[in-house]
file work_6.tsv (TSV, C-alpha atoms)
chain	number	residue	atom	x	y	z
A	1	MET	CA	17.87	-19.27	25.45
A	2	GLN	CA	15.38	-19.91	22.66
A	3	PRO	CA	16.74	-21.38	19.40
A	4	ALA	CA	17.21	-19.00	16.51
A	5	HIS	CA	14.89	-19.40	13.55
A	6	THR	CA	15.87	-17.51	10.42
A	7	VAL	CA	13.89	-17.11	7.23
A	8	LEU	CA	14.96	-15.07	4.23
A	9	LEU	CA	12.40	-14.81	1.46
A	10	ILE	CA	12.95	-12.95	-1.80
A	11	LEU	CA	9.79	-12.41	-3.82
A	12	LEU	CA	9.84	-10.53	-7.10
A	13	ALA	CA	7.23	-7.78	-7.30
A	14	GLY	CA	4.72	-8.05	-10.11
A	15	GLY	CA	5.47	-4.63	-11.55
A	16	TYR	CA	5.33	-1.09	-10.28
A	17	VAL	CA	2.27	0.80	-9.10
A	18	THR	CA	1.10	2.99	-11.99
A	19	SER	CA	-2.27	4.64	-12.59
A	20	LEU	CA	-3.67	3.25	-9.37
A	21	LYS	CA	-7.46	3.06	-9.45
A	22	PRO	CA	-9.82	3.31	-6.48
A	23	ALA	CA	-9.91	0.23	-4.26
A	24	SER	CA	-13.43	-0.55	-5.47
A	25	GLU	CA	-12.01	-1.20	-8.95
A	26	TYR	CA	-10.00	-4.12	-7.55
A	27	PHE	CA	-12.03	-5.45	-4.62
A	28	LYS	CA	-15.58	-5.94	-3.49
A	29	ILE	CA	-15.71	-3.28	-0.76
A	30	CYS	CA	-17.00	-4.37	2.65
A	31	HIS	CA	-18.45	-1.87	5.13
A	32	ARG	CA	-17.41	-1.87	8.77
A	33	SER	CA	-21.05	-1.64	9.85
A	34	ASP	CA	-22.07	-4.74	7.88
A	35	PRO	CA	-23.32	-7.37	10.40
A	36	GLU	CA	-22.10	-10.02	7.93
A	37	LEU	CA	-18.65	-8.42	7.54
A	38	SER	CA	-16.75	-11.72	7.71
A	39	THR	CA	-18.94	-13.22	4.98
A	40	CYS	CA	-18.48	-10.13	2.84
A	41	ILE	CA	-14.69	-10.34	3.14
A	42	LYS	CA	-14.80	-14.04	2.27
A	43	ASN	CA	-16.88	-13.29	-0.84
A	44	SER	CA	-14.53	-10.45	-1.76
A	45	ILE	CA	-11.53	-12.81	-1.69
A	46	GLU	CA	-13.43	-15.39	-3.75
A	47	THR	CA	-14.33	-12.73	-6.34
A	48	LEU	CA	-10.68	-11.67	-6.46
A	49	ARG	CA	-9.40	-15.24	-6.98
A	50	PRO	CA	-8.99	-15.08	-10.82
A	51	SER	CA	-7.01	-11.85	-10.53
A	52	LEU	CA	-4.85	-13.29	-7.75
A	53	VAL	CA	-4.06	-16.33	-9.88
A	54	LYS	CA	-2.87	-14.11	-12.76
A	55	GLY	CA	-1.29	-11.45	-10.56
A	56	ILE	CA	-2.11	-7.74	-10.29
A	57	PRO	CA	0.94	-5.73	-11.43
A	58	GLU	CA	-0.64	-2.41	-10.43
A	59	LEU	CA	-0.73	-3.64	-6.83
A	60	LYS	CA	2.68	-5.36	-7.10
A	61	LEU	CA	1.01	-8.74	-6.55
A	62	VAL	CA	2.77	-11.62	-8.29
A	63	PRO	CA	0.78	-14.51	-9.84
A	64	LEU	CA	-0.44	-16.89	-7.16
A	65	ASP	CA	-0.37	-20.07	-9.25
A	66	PRO	CA	2.25	-20.97	-10.04
A	67	LEU	CA	3.84	-18.82	-7.35
A	68	PHE	CA	7.48	-18.12	-8.18
A	69	ILE	CA	9.92	-17.44	-5.35
A	70	PRO	CA	13.48	-16.67	-6.52
A	71	LYS	CA	15.04	-17.53	-3.15
A	72	LEU	CA	13.89	-18.96	0.16
A	73	GLU	CA	16.35	-19.58	2.99
A	74	MET	CA	15.43	-21.39	6.19
A	75	GLN	CA	17.69	-22.09	9.14
A	76	ASP	CA	17.24	-23.46	12.64
A	77	GLY	CA	19.55	-24.51	15.44
A	78	GLN	CA	17.30	-26.31	17.89
A	79	GLY	CA	19.09	-29.00	19.91
A	80	ASN	CA	19.39	-32.17	17.81
A	81	PHE	CA	17.57	-30.35	15.01
A	82	LYS	CA	20.24	-28.28	13.25
A	83	PHE	CA	19.11	-27.52	9.78
A	84	ARG	CA	19.77	-25.10	6.94
A	85	GLN	CA	17.99	-25.18	3.59
A	86	THR	CA	18.06	-22.83	0.62
A	87	LEU	CA	15.51	-23.16	-2.17
A	88	THR	CA	16.01	-21.21	-5.39
A	89	ASP	CA	13.86	-20.80	-8.50
A	90	LEU	CA	11.02	-22.31	-6.51
A	91	TYR	CA	7.63	-22.84	-8.17
A	92	ILE	CA	4.56	-23.62	-6.07
A	93	HIS	CA	1.53	-25.11	-7.84
A	94	GLY	CA	-2.00	-25.66	-6.59
A	95	LEU	CA	-2.66	-22.52	-4.55
A	96	ARG	CA	-5.41	-21.39	-6.93
A	97	ASN	CA	-7.63	-24.14	-5.57
A	98	PHE	CA	-7.74	-22.88	-2.00
A	99	GLU	CA	-11.13	-23.15	-0.30
A	100	ILE	CA	-11.93	-20.66	2.45
A	101	GLN	CA	-13.59	-22.61	5.24
A	102	ASN	CA	-13.92	-19.85	7.79
A	103	ILE	CA	-13.07	-16.19	8.34
A	104	THR	CA	-13.56	-14.16	11.50
A	105	VAL	CA	-12.88	-10.41	11.58
A	106	ASP	CA	-12.88	-7.81	14.33
A	107	LEU	CA	-11.92	-4.44	12.84
A	108	ASP	CA	-12.19	-2.68	16.20
A	109	LYS	CA	-9.45	-4.93	17.59
A	110	ASN	CA	-7.71	-5.13	14.18
A	111	VAL	CA	-7.63	-8.94	14.27
A	112	MET	CA	-8.55	-11.56	11.71
A	113	SER	CA	-8.35	-15.34	11.47
A	114	MET	CA	-8.78	-17.43	8.33
A	115	LYS	CA	-8.92	-21.18	7.78
A	116	CYS	CA	-8.41	-22.62	4.29
A	117	PHE	CA	-8.25	-26.04	2.68
A	118	THR	CA	-6.19	-26.88	-0.41
A	119	LYS	CA	-6.33	-30.32	-1.99
A	120	THR	CA	-2.79	-30.42	-3.37
A	121	ILE	CA	0.25	-28.15	-3.14
A	122	ASP	CA	3.38	-29.01	-5.13
A	123	PHE	CA	6.85	-27.48	-4.75
A	124	GLU	CA	9.55	-27.75	-7.41
A	125	GLY	CA	12.93	-26.06	-7.30
A	126	ASP	CA	16.65	-26.24	-6.70
A	127	TYR	CA	17.80	-26.94	-3.16
A	128	GLU	CA	20.91	-26.93	-1.02
A	129	MET	CA	20.70	-28.23	2.52
A	130	ALA	CA	22.74	-29.50	5.43
A	131	GLY	CA	21.64	-30.59	8.85
A	132	LYS	CA	19.93	-33.26	10.89
A	133	ILE	CA	16.29	-34.30	11.31
A	134	MET	CA	15.31	-37.17	13.64
A	135	MET	CA	19.02	-38.09	13.99
A	136	LEU	CA	19.14	-38.42	10.20
A	137	ASN	CA	21.96	-36.50	8.55
A	138	LEU	CA	20.90	-34.60	5.47
A	139	LYS	CA	23.26	-33.05	2.98
A	140	GLY	CA	22.92	-32.34	-0.72
A	141	LYS	CA	22.49	-29.95	-3.58
A	142	GLY	CA	20.15	-30.67	-6.50
A	143	ARG	CA	16.45	-30.70	-7.36
A	144	ALA	CA	13.70	-30.85	-4.77
A	145	SER	CA	10.16	-32.05	-5.27
A	146	LEU	CA	7.65	-31.82	-2.43
A	147	ASN	CA	3.97	-32.69	-2.50
A	148	PHE	CA	1.42	-31.97	0.22
A	149	THR	CA	-2.16	-33.20	0.02
A	150	ASP	CA	-5.35	-32.27	1.89
A	151	VAL	CA	-3.71	-29.23	3.44
A	152	THR	CA	-5.47	-27.15	6.09
A	153	THR	CA	-3.90	-23.77	6.76
A	154	THR	CA	-4.90	-21.38	9.52
A	155	ALA	CA	-3.76	-17.77	9.75
A	156	PHE	CA	-4.02	-15.53	12.83
A	157	ILE	CA	-3.46	-11.91	11.85
A	158	GLN	CA	-2.92	-8.85	14.04
A	159	ASN	CA	-3.13	-5.57	12.15
A	160	GLU	CA	-2.18	-2.08	13.25
A	161	ASP	CA	-3.13	1.41	12.08
A	162	PHE	CA	-0.62	4.09	11.14
A	163	GLN	CA	-0.62	7.61	9.74
A	164	LYS	CA	0.58	8.48	6.24
A	165	ASN	CA	0.03	11.75	4.42
A	166	GLY	CA	-2.50	12.78	7.06
A	167	MET	CA	-4.60	9.64	6.54
A	168	VAL	CA	-5.04	6.39	8.51
A	169	PHE	CA	-3.75	3.21	6.87
A	170	THR	CA	-3.64	-0.39	8.09
A	171	ARG	CA	-0.84	-2.95	7.90
A	172	VAL	CA	-0.16	-6.45	9.19
A	173	GLU	CA	1.80	-6.25	12.43
A	174	SER	CA	2.10	-9.99	13.06
A	175	LEU	CA	0.89	-13.14	11.37
A	176	LYS	CA	0.96	-16.72	12.64
A	177	TRP	CA	0.58	-19.36	9.94
A	178	ILE	CA	-0.20	-23.01	10.80
A	179	ILE	CA	0.06	-25.79	8.19
A	180	GLU	CA	-1.63	-29.18	8.65
A	181	PRO	CA	-1.17	-31.61	5.71
A	182	GLN	CA	-2.76	-35.05	5.75
A	183	HIS	CA	0.05	-36.50	3.66
A	184	ALA	CA	3.40	-35.45	2.24
A	185	LYS	CA	5.94	-36.80	-0.25
A	186	PHE	CA	9.55	-35.68	-0.60
A	187	HIS	CA	12.20	-36.31	-3.20
A	188	PHE	CA	15.68	-34.80	-3.24
A	189	THR	CA	18.13	-35.59	-6.02
A	190	ASN	CA	21.89	-35.71	-5.58
A	191	LEU	CA	21.93	-36.27	-1.83
A	192	PHE	CA	25.38	-36.98	-0.38
A	193	ASN	CA	27.17	-35.98	-3.59
A	194	GLY	CA	25.08	-38.34	-5.70
A	195	ASP	CA	25.50	-41.48	-3.57
A	196	LYS	CA	22.48	-43.41	-4.90
A	197	THR	CA	22.30	-45.89	-2.02
A	198	LEU	CA	22.35	-43.21	0.66
A	199	GLY	CA	20.10	-40.91	-1.37
A	200	ASP	CA	17.43	-43.53	-2.00
A	201	ALA	CA	17.51	-44.65	1.64
A	202	THR	CA	17.18	-41.06	2.87
A	203	ASN	CA	14.25	-40.24	0.59
A	204	ARG	CA	12.56	-43.50	1.60
A	205	PHE	CA	13.09	-42.77	5.30
A	206	LEU	CA	11.68	-39.23	4.97
A	207	ASN	CA	8.58	-40.48	3.19
A	208	GLU	CA	7.99	-43.35	5.59
A	209	ASN	CA	8.34	-40.98	8.56
A	210	TRP	CA	6.96	-37.82	7.01
A	211	LYS	CA	4.70	-36.96	9.97
A	212	GLU	CA	7.54	-37.01	12.49
A	213	ALA	CA	9.91	-35.22	10.12
A	214	PHE	CA	7.37	-32.52	9.31
A	215	LYS	CA	6.52	-32.04	12.99
A	216	ILE	CA	10.16	-31.11	13.66
A	217	TYR	CA	10.63	-29.10	10.46
A	218	ARG	CA	7.23	-27.37	10.28
A	219	ASN	CA	8.16	-24.11	12.02
A	220	LEU	CA	10.40	-23.14	9.09
A	221	PRO	CA	7.85	-23.39	6.23
A	222	GLU	CA	5.19	-21.91	8.51
A	223	GLU	CA	7.39	-18.92	9.25
A	224	ALA	CA	8.30	-18.61	5.56
A	225	PHE	CA	4.68	-18.63	4.41
A	226	GLY	CA	3.71	-16.28	7.22
A	227	THR	CA	6.35	-13.85	5.95
A	228	LEU	CA	5.08	-14.29	2.39
A	229	ILE	CA	1.41	-13.65	3.22
A	230	LYS	CA	2.31	-10.68	5.42
A	231	ASP	CA	4.36	-9.17	2.59
A	232	LEU	CA	1.60	-9.66	0.02
A	233	ALA	CA	-1.10	-8.26	2.33
A	234	ASN	CA	0.93	-5.18	3.20
A	235	LYS	CA	1.55	-4.40	-0.47
A	236	VAL	CA	-2.21	-3.90	-0.79
A	237	TYR	CA	-2.96	-2.45	2.64
A	238	THR	CA	-0.41	0.35	2.37
A	239	LEU	CA	-1.80	1.56	-0.97
A	240	PHE	CA	-5.29	2.44	0.22
A	241	PRO	CA	-6.46	4.37	3.31
A	242	ARG	CA	-8.36	2.30	5.85
A	243	ASN	CA	-11.62	4.16	5.19
A	244	GLU	CA	-11.38	3.32	1.49
A	245	LEU	CA	-10.90	-0.39	2.15
A	246	TYR	CA	-13.43	-0.58	5.00
A	247	PRO	CA	-15.80	2.43	4.87
A	248	GLU	CA	-18.49	2.92	7.47
call {"tool": "encode", "arguments": {"input": "work_6.tsv", "output": "structure tokens"}}
result
Amino acid sequence: MQPAHTVLLILLAGGYVTSLKPASEYFKICHRSDPELSTCIKNSIETLRPSLVKGIPELKLVPLDPLFIPKLEMQDGQGNFKFRQTLTDLYIHGLRNFEIQNITVDLDKNVMSMKCFTKTIDFEGDYEMAGKIMMLNLKGKGRASLNFTDVTTTAFIQNEDFQKNGMVFTRVESLKWIIEPQHAKFHFTNLFNGDKTLGDATNRFLNENWKEAFKIYRNLPEEAFGTLIKDLANKVYTLFPRNELYPE
């Protein structure tokens, strides 16, 4: 039996959809017949970056930087890796500086892949966790600070078409998100009910062995961010018919 991975993500919408304008008012429209379709979509995302950073309430898109997540729960029960973590009032800084390295798109097969690089991503929030990583017991409730540098992220997206109001729309069916940082730093306050000796030793151990710890733990943040990106993409996709987003 495969281990159970559970992610609960609560993301506040950036307002309600009112007075929705045509898609061309928000995005650089790319045509399906364009032989440079992937490049067009890349340029469209780059053009949209300032609006993504501030958020687009009409499309229910929250500000990207800082990205605020009211609650993020992650749980796993894999062998010696039994872990549960809840992050609340989480702020993520640095996402505005993403650099798109490559995009490939096949609209006939409804698939897309995207590779990005971000120099620094910082997480700040309240945490509560209990479990074991690399035979290290972890338990605490306090403030969490996580820093990832030179981060490469790769997304593999499978879309699907569906009918609504007699028109064809597109939505994300599945999304695999892979995170590859070159370095990471962790700091958790109030570990083991505030035991400073144990807390300092645990933080030091995590930072000295961050690669091994992240390798075990990575499926949870990858699943969480995959859920986040899927949710944000579908908020936009389901507002506009496919032929309006990608006309012939």
call {"tool": "closest_residue", "arguments": {"input": "work_6.tsv", "among": "A:Ala213, A:Ala184, A:Leu37, A:Leu52", "to": "Asp65 in chain A", "atoms": "all atoms listed in the file"}}
result
A:Leu52
call {"tool": "atom_distance", "arguments": {"input": "work_6.tsv", "atom1": "CA of Cys116 in chain A", "atom2": "CA of Phe98 in chain A"}}
result
6.3 Å
call {"tool": "closest_atom_pairs", "arguments": {"input": "work_6.tsv", "of": "range 51-123 of chain A", "to": "range 154-158 of chain A", "cutoff": "9 Å", "atoms": "all atoms listed in the file", "output": "tab-separated table"}}
result
residue	atom	partner	partner_atom	distance
A:Lys109	CA	A:Gln158	CA	8.4
A:Asn110	CA	A:Gln158	CA	6.1
A:Val111	CA	A:Gln158	CA	4.7
A:Met112	CA	A:Ile157	CA	5.1
A:Ser113	CA	A:Phe156	CA	4.5
A:Met114	CA	A:Ala155	CA	5.2
A:Lys115	CA	A:Thr154	CA	4.4
A:Cys116	CA	A:Thr154	CA	6.4
A:Phe117	CA	A:Thr154	CA	8.9
call {"tool": "write_last_selection", "arguments": {"input": "work_6.tsv", "atoms": "C-alpha atoms", "output": "PDB file, keeping the file's coordinate frame"}}
result
ATOM      1  CA  LYS A 109      -9.450  -4.930  17.590  1.00  0.00           C
ATOM      2  CA  ASN A 110      -7.710  -5.130  14.180  1.00  0.00           C
ATOM      3  CA  VAL A 111      -7.630  -8.940  14.270  1.00  0.00           C
ATOM      4  CA  MET A 112      -8.550 -11.560  11.710  1.00  0.00           C
ATOM      5  CA  SER A 113      -8.350 -15.340  11.470  1.00  0.00           C
ATOM      6  CA  MET A 114      -8.780 -17.430   8.330  1.00  0.00           C
ATOM      7  CA  LYS A 115      -8.920 -21.180   7.780  1.00  0.00           C
ATOM      8  CA  CYS A 116      -8.410 -22.620   4.290  1.00  0.00           C
ATOM      9  CA  PHE A 117      -8.250 -26.040   2.680  1.00  0.00           C
TER      10      PHE A 117
END
call {"tool": "residues_around", "arguments": {"input": "work_6.tsv", "residues": "range 235-238 of chain A", "least_positions_apart": "6", "cutoff": "7 Å", "atoms": "only C-alpha atoms", "output": "PyMOL selection string"}}
result
chain A and resi 59-60+169-171
call {"tool": "atom_distance", "arguments": {"input": "work_6.tsv", "atom1": "CA of Lys132 in chain A", "atom2": "CA of Thr153 in chain A"}}
result
26.0 Å
call {"tool": "residues_near_point", "arguments": {"input": "work_6.tsv", "point": "(-1.8, -32.2, 6.6)", "cutoff": "7 Å", "atoms": "only C-alpha atoms", "output": "VMD selection string"}}
result
chain A and resid 149 to 152 179 to 183
call {"tool": "atom_distance", "arguments": {"input": "work_6.tsv", "atom1": "CA of Met134 in chain A", "atom2": "CA of Glu212 in chain A"}}
result
7.9 Å
call {"tool": "closest_residue", "arguments": {"input": "work_6.tsv", "among": "A:Leu64, A:Ile133, A:Val168, A:Ala144", "to": "Leu90 in chain A", "atoms": "only C-alpha atoms"}}
result
A:Ala144
call {"tool": "residues_around", "arguments": {"input": "work_6.tsv", "residues": "Thr189 in chain A", "least_positions_apart": "6", "cutoff": "10 Å", "atoms": "all atoms listed in the file", "output": "PDB file with C-alpha atoms, in the frame of the given file"}}
result
ATOM      1  CA  ASP A 126      16.650 -26.240  -6.700  1.00  0.00           C
ATOM      2  CA  TYR A 127      17.800 -26.940  -3.160  1.00  0.00           C
ATOM      3  CA  GLY A 140      22.920 -32.340  -0.720  1.00  0.00           C
ATOM      4  CA  LYS A 141      22.490 -29.950  -3.580  1.00  0.00           C
ATOM      5  CA  GLY A 142      20.150 -30.670  -6.500  1.00  0.00           C
ATOM      6  CA  ARG A 143      16.450 -30.700  -7.360  1.00  0.00           C
ATOM      7  CA  ALA A 144      13.700 -30.850  -4.770  1.00  0.00           C
ATOM      8  CA  SER A 145      10.160 -32.050  -5.270  1.00  0.00           C
ATOM      9  CA  ASP A 195      25.500 -41.480  -3.570  1.00  0.00           C
ATOM     10  CA  LYS A 196      22.480 -43.410  -4.900  1.00  0.00           C
ATOM     11  CA  GLY A 199      20.100 -40.910  -1.370  1.00  0.00           C
ATOM     12  CA  ASP A 200      17.430 -43.530  -2.000  1.00  0.00           C
ATOM     13  CA  ASN A 203      14.250 -40.240   0.590  1.00  0.00           C
TER      14      ASN A 203
END
call {"tool": "residues_around", "arguments": {"input": "work_6.tsv", "residues": "Arg218 in chain A", "least_positions_apart": "2", "cutoff": "12 Å", "atoms": "all atoms listed in the file", "output": "MDAnalysis selection string"}}
result
chainID A and resid 5 74:76 81 83 133 177:181 210:216 220:225
call {"tool": "closest_residue", "arguments": {"input": "work_6.tsv", "among": "A:Thr118, A:Asn159, A:Arg96, A:Asn193", "to": "Ala130 in chain A", "atoms": "all atoms listed in the file"}}
result
A:Asn193
call {"tool": "closest_residue", "arguments": {"input": "work_6.tsv", "among": "A:Asp89, A:Glu58, A:Glu160, A:Glu208", "to": "Glu128 in chain A", "atoms": "all atoms listed in the file"}}
result
A:Asp89
call {"tool": "axis_aligned_box", "arguments": {"input": "work_6.tsv", "around": "range 163-181 of chain A", "padding_each_side": "4 Å", "output": "AutoDock Vina command-line options"}}
result
--center_x -1.5 --center_y -9.4 --center_z 8.7 --size_x 15.1 --size_y 52.4 --size_z 16.6
call {"tool": "closest_residue", "arguments": {"input": "work_6.tsv", "among": "A:Ser19, A:Thr86, A:Thr202, A:Asn234", "to": "Met135 in chain A", "atoms": "all atoms listed in the file"}}
result
A:Thr202
call {"tool": "residues_around", "arguments": {"input": "work_6.tsv", "residues": "Pro63 in chain A", "least_positions_apart": "4", "cutoff": "6 Å", "atoms": "only C-alpha atoms", "output": "list in words"}}
result
Val53, Lys54, Gly55 and Leu67 of chain A
